[in-house]
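Participant: Below is the file upload.txt, with compact mmCIF, C-alpha atoms.
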```txt
# COMPACT_ATOMS: atom_id res chain seq x y z
CA MET J 17 42.39 -82.26 114.46
CA GLU J 18 43.65 -82.93 110.96
CA SER J 19 47.20 -82.07 110.02
CA LEU J 20 47.73 -79.17 107.63
CA SER J 21 48.71 -81.60 104.85
CA GLU J 22 45.49 -83.55 105.39
CA LYS J 23 43.54 -80.31 105.36
CA LEU J 24 45.24 -79.30 102.10
CA ASP J 25 44.02 -82.54 100.53
CA GLN J 26 40.49 -81.66 101.63
CA VAL J 27 40.79 -78.15 100.18
CA VAL J 28 42.07 -79.48 96.84
CA ASP J 29 39.24 -82.05 96.70
CA ALA J 30 36.71 -79.29 97.43
CA ALA J 31 38.20 -77.17 94.64
CA TYR J 32 37.76 -80.03 92.18
CA ARG J 33 34.12 -80.35 93.26
CA LEU J 34 33.74 -76.61 92.76
CA ALA J 35 35.12 -76.98 89.22
CA ARG J 36 32.50 -79.63 88.49
CA SER J 37 29.78 -77.40 89.95
CA LEU J 38 30.84 -74.58 87.64
CA ARG J 39 30.43 -76.62 84.46
CA ASP J 40 26.73 -75.82 84.06
CA PRO J 41 27.16 -72.08 84.74
CA ALA J 42 29.94 -72.03 82.11
CA LEU J 43 27.60 -73.72 79.61
CA LEU J 44 24.83 -71.26 80.43
CA ILE J 45 27.13 -68.30 79.79
CA SER J 46 27.89 -69.86 76.40
CA LEU J 47 24.16 -70.45 75.78
CA HIS J 48 23.39 -66.83 76.64
CA ARG J 49 25.94 -65.71 74.04
CA ASP J 50 24.59 -68.11 71.41
CA LEU J 51 21.01 -66.92 71.93
CA TRP J 52 22.05 -63.27 71.86
CA LYS J 53 23.97 -63.83 68.63
CA MET J 54 20.92 -65.46 67.06
CA SER J 55 18.78 -62.52 68.17
CA ASN J 56 21.19 -60.03 66.61
CA LYS J 57 21.01 -61.98 63.33
CA GLY J 58 17.25 -61.49 63.20
CA ILE J 59 16.26 -64.91 64.50
CA ASP J 60 13.32 -64.36 66.80
CA GLN J 61 14.57 -64.51 70.36
CA PRO J 62 13.04 -62.61 73.34
CA LYS J 63 15.97 -60.46 74.48
CA ASN J 64 14.48 -59.74 77.89
CA LYS J 65 14.27 -63.47 78.61
CA ILE J 66 17.81 -64.03 77.36
CA SER J 67 19.09 -61.20 79.53
CA ALA J 68 17.35 -62.62 82.60
CA LEU J 69 19.53 -65.73 82.36
CA ARG J 70 22.44 -63.78 83.83
CA TRP J 71 20.80 -63.55 87.24
CA GLY J 72 20.41 -67.30 87.48
CA ILE J 73 23.98 -67.94 86.31
CA PHE J 74 25.38 -65.44 88.81
CA THR J 75 23.39 -67.02 91.66
CA MET J 76 24.63 -70.50 90.73
CA VAL J 77 28.27 -69.39 90.71
CA TYR J 78 27.86 -67.54 94.00
CA ALA J 79 26.23 -70.53 95.70
CA ALA J 80 28.90 -72.95 94.47
CA THR J 81 31.71 -70.69 95.69
CA GLU J 82 30.10 -70.08 99.06
CA GLY J 83 29.66 -73.83 99.33
CA PHE J 84 33.36 -74.38 98.63
CA PHE J 85 34.42 -72.13 101.50
CA ASN J 86 31.87 -73.59 103.90
CA GLU J 87 32.93 -77.13 103.07
CA ILE J 88 36.53 -76.45 104.08
CA LEU J 89 36.05 -73.90 106.87
CA ASN J 90 32.64 -74.28 108.48
CA GLU J 91 32.21 -76.75 111.33
CA SER J 92 28.70 -75.55 112.12
CA SER J 93 25.75 -77.18 110.41
CA SER J 94 23.38 -74.38 111.33
CA ARG J 95 25.09 -71.17 110.20
CA VAL J 96 26.57 -70.53 106.78
CA ILE J 97 29.72 -68.42 106.56
CA PRO J 98 28.95 -65.72 103.97
CA LEU J 99 31.32 -64.85 101.15
CA ASN J 100 32.81 -62.12 103.32
CA PRO J 101 36.61 -61.67 103.53
CA ASP J 102 36.64 -60.83 107.25
CA LYS J 103 34.52 -63.81 108.26
CA LEU J 104 36.40 -66.22 105.99
CA ARG J 105 39.77 -64.94 107.19
CA SER J 106 38.64 -65.42 110.80
CA ALA J 107 37.50 -68.98 110.02
CA GLY J 108 40.89 -69.75 108.47
CA GLU J 109 42.76 -68.69 111.59
CA LYS J 110 41.93 -72.02 113.22
CA TRP J 111 44.25 -73.62 110.68
CA ARG J 112 46.83 -70.86 111.05
CA VAL J 113 46.38 -69.93 107.41
CA ARG J 114 46.08 -66.37 106.21
CA LEU J 115 43.13 -65.92 103.89
CA PHE J 116 42.27 -62.68 102.11
CA THR J 117 45.54 -60.94 102.81
CA ARG J 118 46.34 -57.69 101.02
CA GLU J 119 48.17 -59.74 98.37
CA TRP J 120 44.96 -61.54 97.39
CA GLY J 121 43.29 -60.40 94.20
CA VAL J 122 40.75 -61.47 91.59
CA ARG J 123 40.43 -60.94 87.86
CA THR J 124 37.00 -59.76 86.81
CA ARG J 125 35.35 -57.82 84.01
CA ALA J 126 34.19 -54.30 84.64
CA LYS J 127 33.34 -51.23 82.65
CA GLY J 128 36.51 -49.71 81.26
CA ASN J 129 35.48 -46.20 82.26
CA PRO J 130 32.98 -46.35 85.15
CA SER J 131 32.12 -42.64 84.79
CA GLY J 132 31.67 -42.66 81.04
CA GLY J 133 29.16 -44.07 78.58
CA GLY J 134 29.10 -47.30 76.65
CA ASN J 135 29.23 -50.90 77.72
CA ARG J 136 32.71 -51.98 76.65
CA SER J 137 34.30 -53.97 79.43
CA ARG J 138 37.84 -54.96 80.25
CA TRP J 139 39.62 -57.41 82.48
CA MET J 140 40.85 -55.79 85.64
CA VAL J 141 42.20 -56.78 89.06
CA PHE J 142 40.58 -56.06 92.40
CA GLU J 143 42.88 -56.60 95.36
CA GLY J 144 43.13 -55.56 99.00
CA ASP J 145 40.39 -53.13 99.97
CA GLU J 146 39.04 -53.10 96.40
CA LEU J 147 38.47 -56.85 96.61
CA ARG J 148 36.50 -56.36 99.84
CA LYS J 149 34.31 -53.75 98.15
CA TYR J 150 33.78 -55.99 95.13
CA LEU J 151 32.67 -58.96 97.23
CA ARG J 152 30.42 -56.68 99.29
CA ASP J 153 28.63 -55.62 96.10
CA MET J 154 28.37 -59.24 94.95
CA LYS J 155 26.90 -60.37 98.28
CA GLU J 156 24.34 -57.57 98.22
CA LEU J 157 23.35 -58.51 94.67
CA ARG J 158 23.00 -62.18 95.63
CA ASP J 159 20.88 -61.27 98.67
CA LEU J 160 18.58 -59.12 96.55
CA LEU J 161 18.11 -61.89 94.00
CA VAL J 162 17.40 -64.71 96.44
CA HIS J 163 15.03 -62.59 98.57
CA GLY J 164 13.02 -61.18 95.68
CA GLY J 165 14.48 -57.66 95.78
CA ASP J 166 15.24 -55.36 92.87
CA PRO J 167 18.71 -56.32 91.60
CA TYR J 168 19.11 -52.86 90.05
CA SER J 169 19.07 -51.34 93.53
CA VAL J 170 22.42 -52.93 94.39
CA ALA J 171 25.16 -50.56 95.49
CA ASN J 172 28.20 -50.13 93.29
CA VAL J 173 30.87 -49.32 95.85
CA SER J 174 33.50 -51.20 93.86
CA GLY J 175 32.62 -49.61 90.53
CA ALA J 176 32.42 -53.07 88.95
CA LEU J 177 28.77 -52.78 87.88
CA TRP J 178 27.26 -51.03 84.89
CA VAL J 179 25.24 -47.88 85.56
CA GLN J 180 21.94 -47.88 83.66
CA ASP J 181 18.70 -45.92 83.76
CA LYS J 182 17.19 -48.63 85.98
CA GLY J 183 20.11 -48.48 88.40
CA ASN J 184 23.27 -50.53 88.79
CA SER J 185 23.36 -53.71 86.75
CA MET J 186 25.53 -56.76 86.20
CA ASN J 187 25.44 -57.74 82.56
CA LEU J 188 26.72 -61.04 81.15
CA MET J 189 30.26 -59.67 80.97
CA GLY J 190 30.10 -59.00 84.70
CA VAL J 191 28.82 -62.53 85.34
CA GLU J 192 31.72 -63.91 83.32
CA GLY J 193 34.05 -61.76 85.41
CA PHE J 194 32.55 -63.03 88.66
CA PHE J 195 32.99 -66.60 87.39
CA GLN J 196 36.70 -65.92 86.89
CA ALA J 197 36.97 -64.13 90.25
CA CYS J 198 35.57 -67.16 92.08
CA THR J 199 38.08 -69.52 90.50
CA ASP J 200 40.83 -67.09 91.52
CA LEU J 201 39.57 -67.14 95.12
CA ALA J 202 39.59 -70.94 95.21
CA GLY J 203 43.07 -71.07 93.73
CA GLN J 204 44.49 -68.66 96.27
CA THR J 205 42.85 -70.69 99.04
CA ILE J 206 44.79 -73.76 97.91
CA LEU J 207 48.00 -71.71 98.00
CA ALA J 208 47.17 -70.40 101.48
CA PHE J 209 46.92 -73.97 102.77
CA GLY J 210 50.37 -74.77 101.43
CA GLY J 211 49.47 -76.01 97.98
CA ASN J 212 50.89 -74.95 94.63
CA LEU J 213 49.57 -73.97 91.23
CA ASP J 214 49.93 -77.53 89.91
CA GLN J 215 47.20 -78.60 92.34
CA LEU J 216 44.58 -76.25 90.94
CA PRO J 217 41.82 -77.96 88.96
CA GLU J 218 41.25 -77.24 85.31
CA TRP J 219 38.44 -74.74 85.57
CA PRO J 220 35.62 -74.94 83.01
CA GLN J 221 35.56 -72.02 80.62
CA PRO J 222 32.59 -70.41 78.86
CA THR J 223 32.72 -69.45 75.21
CA ARG J 224 34.72 -66.24 75.05
CA THR J 225 34.01 -63.11 73.05
CA THR J 226 36.82 -61.21 71.32
CA ILE J 227 37.25 -58.91 74.32
CA SER J 228 37.07 -61.67 76.93
CA ARG J 229 39.74 -63.66 75.05
CA GLU J 230 42.22 -60.94 75.89
CA LYS J 231 45.09 -62.05 78.11
CA LEU J 232 44.14 -62.00 81.77
CA PRO J 233 46.10 -59.60 83.98
CA ALA J 234 48.53 -61.19 86.43
CA LEU J 235 47.78 -61.79 90.08
CA LYS J 236 50.53 -61.37 92.66
CA LEU J 237 50.09 -64.86 94.08
CA PHE J 238 49.83 -66.45 90.63
CA SER J 239 53.15 -65.08 89.44
CA ASP J 240 54.16 -68.43 87.98
CA GLU J 241 50.89 -68.88 86.07
```
Just dump the structure as structure tokens.
Facilitator:
Amino acid sequence: MESLSEKLDQVVDAAYRLARSLRDPALLISLHRDLWKMSNKGIDQPKNKISALRWGIFTMVYAATEGFFNEILNESSSRVIPLNPDKLRSAGEKWRVRLFTREWGVRTRAKGNPSGGGNRSRWMVFEGDELRKYLRDMKELRDLLVHGGDPYSVANVSGALWVQDKGNSMNLMGVEGFFQACTDLAGQTILAFGGNLDQLPEWPQPTRTTISREKLPALKLFSDE
């Protein structure tokens, strides 16, 4: 069995591979924004096709993040550990590391007033039980997309999704938020294995809108960020 320091090296290497895997999703978020801006300026662009890009970007980010956790925690070649806090925490116990504690949190973008109208979003933190609910919604959405289900039928237990006439929806702002949330999860995993903030990779960043350039809220475990 590897020592914890050797395992930390593996986790850091996996995080750097995750950062490389997230480059294309970051570019696609930027492309989505560029195409939408062109459409709003009267340049002929099919908005329904532009909007559909978000599902593919979300699925890519989800797959890359699930792959990161399975690379460092999964010793089985036949069963994938889902992006589920309980299952990932249990897998981490072998290394005597505490994953997904109540101090863990993620920054994501969600509707500023889930019960009201409009689509303005804001950065917010999900931690503890709220993080579990958020990841449950994200897993359900991923499962619907990869199995040909209706993504608008996803539950919204966390309140992170946008309520529309069709049902609950993740717009591009939500995809951008999930992108950030996944980098937060990887960073906190490095810390859990004994690493520090200096060992985090430089995460790729999509082109930001005015709202998304707002300062990110602090996370408890990133207090020195």
Participant: Using only C-alpha atoms, which of the listed residues (J:Leu115, J:Val170, J:Leu160, J:Met154) sits closest to Lys103 (chain J)?
Facilitator: J:Leu115
Participant: Please report the interatomic distance between CA of Pro233 (chain J) and CA of Leu47 (chain J) in Å with one decimal.
Facilitator: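 Rounded to one decimal, the two atoms are 25.8 Å apart.
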Participant: Name the residues in contact with Thr199 (chain J) at a cut-off of 12 Å, using all atoms listed in the file, excluding same-chain residues fewer than 2 positions from it; report them as a count of residues only.
Facilitator: 38
Participant: Which neighbours of region 135-148 of chain J fall inside 8 Å, counting only C-alpha atoms, when residues of the same chain fewer than 6 positions from it are skipped, and could you give them as an mmCIF file with C-alpha atoms, keeping the file's coordinate frame?
Facilitator:
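Done, and the output landed in result10.cif:
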```
data_model
loop_
_atom_site.group_PDB
_atom_site.id
_atom_site.type_symbol
_atom_site.label_atom_id
_atom_site.label_comp_id
_atom_site.auth_asym_id
_atom_site.auth_seq_id
_atom_site.Cartn_x
_atom_site.Cartn_y
_atom_site.Cartn_z
ATOM 1 C CA ASN J 100 32.810 -62.120 103.320
ATOM 2 C CA PRO J 101 36.610 -61.670 103.530
ATOM 3 C CA PHE J 116 42.270 -62.680 102.110
ATOM 4 C CA THR J 117 45.540 -60.940 102.810
ATOM 5 C CA ARG J 118 46.340 -57.690 101.020
ATOM 6 C CA GLU J 119 48.170 -59.740 98.370
ATOM 7 C CA TRP J 120 44.960 -61.540 97.390
ATOM 8 C CA GLY J 121 43.290 -60.400 94.200
ATOM 9 C CA VAL J 122 40.750 -61.470 91.590
ATOM 10 C CA ARG J 123 40.430 -60.940 87.860
ATOM 11 C CA THR J 124 37.000 -59.760 86.810
ATOM 12 C CA ARG J 125 35.350 -57.820 84.010
ATOM 13 C CA ALA J 126 34.190 -54.300 84.640
ATOM 14 C CA LYS J 127 33.340 -51.230 82.650
ATOM 15 C CA GLY J 128 36.510 -49.710 81.260
ATOM 16 C CA SER J 174 33.500 -51.200 93.860
ATOM 17 C CA TRP J 178 27.260 -51.030 84.890
ATOM 18 C CA MET J 189 30.260 -59.670 80.970
ATOM 19 C CA GLY J 193 34.050 -61.760 85.410
ATOM 20 C CA ILE J 227 37.250 -58.910 74.320
ATOM 21 C CA SER J 228 37.070 -61.670 76.930
ATOM 22 C CA GLU J 230 42.220 -60.940 75.890
ATOM 23 C CA LEU J 232 44.140 -62.000 81.770
ATOM 24 C CA PRO J 233 46.100 -59.600 83.980
ATOM 25 C CA LEU J 235 47.780 -61.790 90.080
#
```
Participant: Go ahead and compute the interatomic distance for CA of Ala234 (chain J) and CA of Val179 (chain J), in Å to one decimal.
Facilitator: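 Interatomic distance, CA of Ala234 (chain J) to CA of Val179 (chain J): 26.8 Å.
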Participant: Fewer than 5 positions away in the same chain doesn't count, so skip those; otherwise give me all residues within 12 Å of Glu18 (chain J), counting all atoms listed in the file, as a list in words.
Facilitator: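 Residues meeting the cut-off are Lys23, Leu24, Asp25, Gln26, Ile88, Lys110 and Trp111 of chain J.
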Participant: Those same residues - C-alpha atoms - I'd like them written as a JSON list (two decimals), keeping the file's coordinate frame.
Facilitator:
```json
[["chain", "number", "residue", "atom", "x", "y", "z"],
["J", 23, "LYS", "CA", 43.54, -80.31, 105.36],
["J", 24, "LEU", "CA", 45.24, -79.30, 102.10],
["J", 25, "ASP", "CA", 44.02, -82.54, 100.53],
["J", 26, "GLN", "CA", 40.49, -81.66, 101.63],
["J", 88, "ILE", "CA", 36.53, -76.45, 104.08],
["J", 110, "LYS", "CA", 41.93, -72.02, 113.22],
["J", 111, "TRP", "CA", 44.25, -73.62, 110.68]]
```
Participant: In Å to one decimal, how far is CA of Lys236 (chain J) from CA of Val173 (chain J)?
Facilitator: 23.3 Å
Participant: Hey, which of J:Gly211, J:Met186, J:Gly175, J:Phe74 ends up closest to Val27 (chain J)? Count only C-alpha atoms.
Facilitator: J:Gly211
Participant: Tell me which of J:Asp102, J:Tyr150, J:Glu87, J:Leu188 sits closest to Thr225 (chain J), counting all atoms listed in the file.
Facilitator: J:Leu188
Participant: Pick out the residues sitting within 10 Å of Pro167 (chain J), and hand them over as a PyMOL selection string; count all atoms listed in the file, and ignore anything fewer than 2 positions along from it in its own chain.
Facilitator: chain J and resi 71+156-162+164-165+169-171+182-186
Participant: Which one is closest to Asp214 (chain J): J:Ala107, J:Ile45, J:Leu20, J:Val28? Count all atoms listed in the file.
Facilitator: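 Among the listed residues, the smallest separation from Asp214 (chain J) belongs to J:Val28.
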